[in-house]
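Everything on this sheet refers to the single structure shown next.
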Amino acid sequence: MNEKMRWVKIAVLILLLAWYGAFLFHKIDLTTSDLGRHIKNGEEILSGHFQVLNSNYYSYTEPDATFINHHWLSGVVFYLIWKFLGFSGLHLFFIALSLITFWLFFDLAKKVSSYVLAIPTALLLIPLIAERVEARPEVFSYLFSGIFLWLLWQKRGLWVLPILMLFWVNLHIYFFAGLLLIFILMLWEKDLWKVFLASSAAIFINPFGLRVIALPFTLFQNYGYKIIENQSVRFLDNLGFIQNPNLFWFKIAAALFILSFLAAALKNGFGPSWALSAPAAIFGIASAFAIRNFTVFGLFALPAICVNIQSVSGQKIKENKELAFGIAIIFSALILIISFFTHQTRLLEEQNGFGLGLAQDVEGSAEFFKKEKLKGPIFNNYDIGSYLIFNFPSCPKPGLGHKADPNLVCGVFVDNRPEAYSAAFFENIYVPMQEDENVWKRESTKYDFNTIFFSHKDATPWGQKFLSERLKDPAWKQVYLDDYAIIFTKVKP
């Protein structure tokens with residue numbers, strides 16, 4: 001019987017990973033993803049062009065803007081994997097890290113409760129965990145959060161944590177989560193103070209010194225451009241933003257977490273299980289203010305909800321295993337059906353297609369640009385900036401040893417790093433250029449654009465208005481259109 005149950009548990013875990021994988025195995029749209037820029041960052045760093053670390057290296061509009069490339073090491077990792085394994089290999093690497101991360105949190109959830117609780121809870125949270133499914137540096141923060149919590153809870157390999165922190169601080173800005181986890185567990189395990197101090201010291205080993213330590217709390221303060229992932233749940237609800245079913249899913253998960261937490265607290269008071277609830281509560285609040293945190297909240301909520309329900313139920317689940325297992329199966333099936341129908345657009349109708357690597361023909365616009373020998377300066381929109389950075393060589397910069405090349409595009413007008421541009425640039429130049437024809441004429445004369453390279457998936461009202469105006473503008477000619485991008489060239493007088 002034990003052997004049979006072991007295989008049942010393995011099969012269930014495989015099914016859970018497959019369900020999560022169904023959200024992850026969608027091809028990459030490089031025209032809207034920032035992956036291209038991360039790869040280019042790694043290439044430039046390994047080539048000795050270290051200005052990419054602290055300046056707006058790729059921009060010709062604000063090249064001297066102060067910028068801290070806090071995820072520089074992720075770019076190096078992404079570049080090396082892409083260099084040897086291509087986009088499919090890089091995509092598979094990201095999926096593997098995501099699945100390992102999920103396993104760490106799921107394994108902890110079943111350790112602090114049981115499979116009977118962990119399975120339906122995981123099914124409930126997987127759509128939320130899958131909110132962030134692009135290959136981004138934050139995958140390292142999710143992974144390291146799982147490793148830290150898994151090791152801390154079991155008091156195993158704790159001196160590995162300062163070594164991991166040394167890498168984490170250079171991989172992604174959420175490194176503070178590691179210190180937070182150690183600190184929370186230290187409230188119950190006083191001997192963790194040495195690990196905490198060593199891990200705290202490790203974060204100073206980075207190219208930016210003290211500046212990177214304050215960055216997690218200041219990065220989003222100077223954003224002059226609103227992006228969906230940084231908006232609150234309330235803001236998007238009021239906006240009527242129904243495209244993302246996880247706005248509803250988050251409320252269900254948050255309600256379950258809060259109710260289970262309160263029930264456990266009322267029954268057992270202040271105890272060590274709060275160590276799992278505290279980070280879930282912190283990232284739950286963070287998610288309410290910025291939906292980019294849905295994934296990390298879903299991960300931490302998994303063991304937290306399970307330990308809280310286990311704390312309330314006591315031995316009842318273990319004493320009634322067969323009944324509990326039957327109820328778990330019913331709940332799991334119901335959750336799976338509901339989550340499938342609420343997320344079927346993402347699962348079945350994804351334009352990029354199911355699979356690994358790049359979406360079909362996504363490189364067509366860049367290939368056309370090169371083949372036709374089009375020239376810069378380019379006016380481009382926010383979304384497609386990283387695509388251009390990846391596909392076109394960087395301009396010569398003083399002291400970097402580049403050879404001058406008249407065919408270089410010479411940088412992007414803007415890209416999807418709002419922290420790399422001043423708020424005034426977005427508020428007084430970029431957006432008004434698309435809203436006001438007078439501003440467009442003034443700035444286009446100033447920059448002397450030769451090409452407009454635009455992602456027509458840009459759903460902003462100013463972006464759609466701008467494209468409509470250019471299609472009617474005799475000064476510009478549409479020369480290319482595909483499922484991702486549109487290109488205009490200036491009509492010669």
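Residues in the structure tokens are named by chain (A, B, ... in the order shown) and by number from 1 within that chain; ligands are numbered from 1 in the order shown.
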
| request: Would you list the contacts of region 423-438 of chain A as a PyMOL selection string, taking every protein, DNA or RNA residue within 12 Å and counting only C-alpha atoms, but skipping same-chain residues closer than 3 positions in sequence? | output: chain A and resi 61-62+65+220-226+379-382+413-420+441-447+454+458+460-470+473

| field | Atom-to-atom span, CA of His91 (chain A) and CA of Arg37 (chain A), Å | value | 15.1 Å

| message | Calculated over only C-alpha atoms, which of the candidates A:Leu180, A:Leu46, A:Leu388, A:Leu239 has the smallest distance to Lys370 (chain A)? | response |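 Between A:Leu180, A:Leu46, A:Leu388, A:Leu239, the residue approaching Lys370 (chain A) most closely is A:Leu388.
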
| Which parts of region 434-464 of chain A does DSSP call strand (DSSP E) when run on the backbone here, written out as an MDAnalysis selection string? | chainID A and resid 451:455

Can you write just those residues out, N, CA and C atoms, as a compact mmCIF listing (two decimals), in the first residue's frame?
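The file below, selection_24.txt, is the result:
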# COMPACT_ATOMS: atom_id res chain seq x y z
N THR A 451 13.17 56.63 -39.72
CA THR A 451 12.34 55.43 -39.66
C THR A 451 11.48 55.45 -38.41
N ILE A 452 10.27 54.93 -38.53
CA ILE A 452 9.42 54.66 -37.38
C ILE A 452 9.28 53.15 -37.27
N PHE A 453 9.64 52.62 -36.14
CA PHE A 453 9.61 51.16 -35.91
C PHE A 453 8.73 50.95 -34.68
N PHE A 454 7.54 50.38 -34.87
CA PHE A 454 6.52 50.41 -33.82
C PHE A 454 5.89 49.03 -33.63
N SER A 455 5.66 48.68 -32.38
CA SER A 455 4.87 47.49 -32.09
C SER A 455 3.40 47.90 -32.11

Distance table requested - region 4-103 of chain A against region 159-173 of chain A, cut-off 12 Å, only C-alpha atoms: one row per qualifying residue with the closest atom pair and its distance in Å to one decimal, ordered by chain and rising residue number, as a Markdown table.
| residue | atom | partner | partner_atom | distance |
| --- | --- | --- | --- | --- |
| A:His38 | CA | A:Leu171 | CA | 11.3 |
| A:Gly42 | CA | A:Leu171 | CA | 11.7 |
| A:Leu53 | CA | A:Asn170 | CA | 11.1 |
| A:Ile68 | CA | A:Ile173 | CA | 10.6 |
| A:Asn69 | CA | A:Asn170 | CA | 9.1 |
| A:His70 | CA | A:Asn170 | CA | 6.2 |
| A:His71 | CA | A:Leu171 | CA | 4.6 |
| A:Trp72 | CA | A:Asn170 | CA | 6.4 |
| A:Leu73 | CA | A:Leu171 | CA | 5.0 |
| A:Ser74 | CA | A:Leu171 | CA | 4.9 |
| A:Gly75 | CA | A:Leu171 | CA | 8.3 |
| A:Val76 | CA | A:Leu171 | CA | 9.4 |
| A:Val77 | CA | A:Leu171 | CA | 9.1 |
| A:Phe78 | CA | A:Leu171 | CA | 10.8 |

| query | Nearest to Ile258 (chain A) among A:Ile228, A:Leu128, A:Leu80, A:Ile309, with distances taken over only C-alpha atoms: which residue is it? | reply |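 Smallest distance to Ile258 (chain A) is found for A:Ile309.
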
| message | I need the residues of region 40-136 of chain A that end up classed as helix (DSSP H, G or I) by DSSP on the backbone, written out as a PyMOL selection string. | response | chain A and resi 40-46+50-53+72-112+115-129

| message | With only C-alpha atoms as the counted atoms, please give the residues lying no more than 6 Å from Ala304 (chain A), apart from itself and same-chain residues fewer than 2 positions off, as a ChimeraX atom specification. | response | /A:276-277,301-302,306-307

Include N, CA and C atoms and write out the residues we just selected as an mmCIF file, in the first residue's frame.
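The result, written out as selection_23.cif:
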data_model
loop_
_atom_site.group_PDB
_atom_site.id
_atom_site.type_symbol
_atom_site.label_atom_id
_atom_site.label_comp_id
_atom_site.auth_asym_id
_atom_site.auth_seq_id
_atom_site.Cartn_x
_atom_site.Cartn_y
_atom_site.Cartn_z
ATOM 1 N N LEU A 276 5.880 31.269 8.265
ATOM 2 C CA LEU A 276 5.472 31.035 6.878
ATOM 3 C C LEU A 276 4.409 32.038 6.447
ATOM 4 N N SER A 277 3.615 32.478 7.382
ATOM 5 C CA SER A 277 2.545 33.420 7.045
ATOM 6 C C SER A 277 3.056 34.841 6.853
ATOM 7 N N ALA A 301 2.283 31.888 -0.423
ATOM 8 C CA ALA A 301 0.971 31.541 0.123
ATOM 9 C C ALA A 301 0.755 30.032 0.174
ATOM 10 N N LEU A 302 1.422 29.291 -0.706
ATOM 11 C CA LEU A 302 1.222 27.833 -0.766
ATOM 12 C C LEU A 302 1.543 27.149 0.565
ATOM 13 N N CYS A 306 -1.342 26.093 3.752
ATOM 14 C CA CYS A 306 -1.345 24.691 4.181
ATOM 15 C C CYS A 306 -1.045 24.551 5.672
ATOM 16 N N VAL A 307 -0.046 25.274 6.173
ATOM 17 C CA VAL A 307 0.304 25.144 7.592
ATOM 18 C C VAL A 307 -0.803 25.715 8.471
#

| Which residue out of A:Ile203, A:Ile10, A:Ile338, A:Val296 has the minimum interatomic distance to Phe248 (chain A) when only C-alpha atoms are used? |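 Among A:Ile203, A:Ile10, A:Ile338, A:Val296, it is A:Ile338 that comes nearest to Phe248 (chain A).
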
| Of the candidates A:Leu358, A:Ala475, A:Ala328, A:Ala263, which one gets nearest to Ala118 (chain A) if we count only C-alpha atoms? |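 Of A:Leu358, A:Ala475, A:Ala328, A:Ala263, the one nearest Ala118 (chain A), counting only C-alpha atoms, is A:Ala328.
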
| message | Report, in Å to a single decimal, how far apart CA of Leu151 (chain A) and CA of Trp193 (chain A) are. | response |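 Between CA of Trp193 (chain A) and CA of Leu151 (chain A) the gap works out to 15.2 Å.
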
| field | Nearest to Ile100 (chain A) by atom-to-atom distance, counting only C-alpha atoms, from A:Leu85, A:Ala22, A:Ile147, A:Val116 | value | A:Ile147
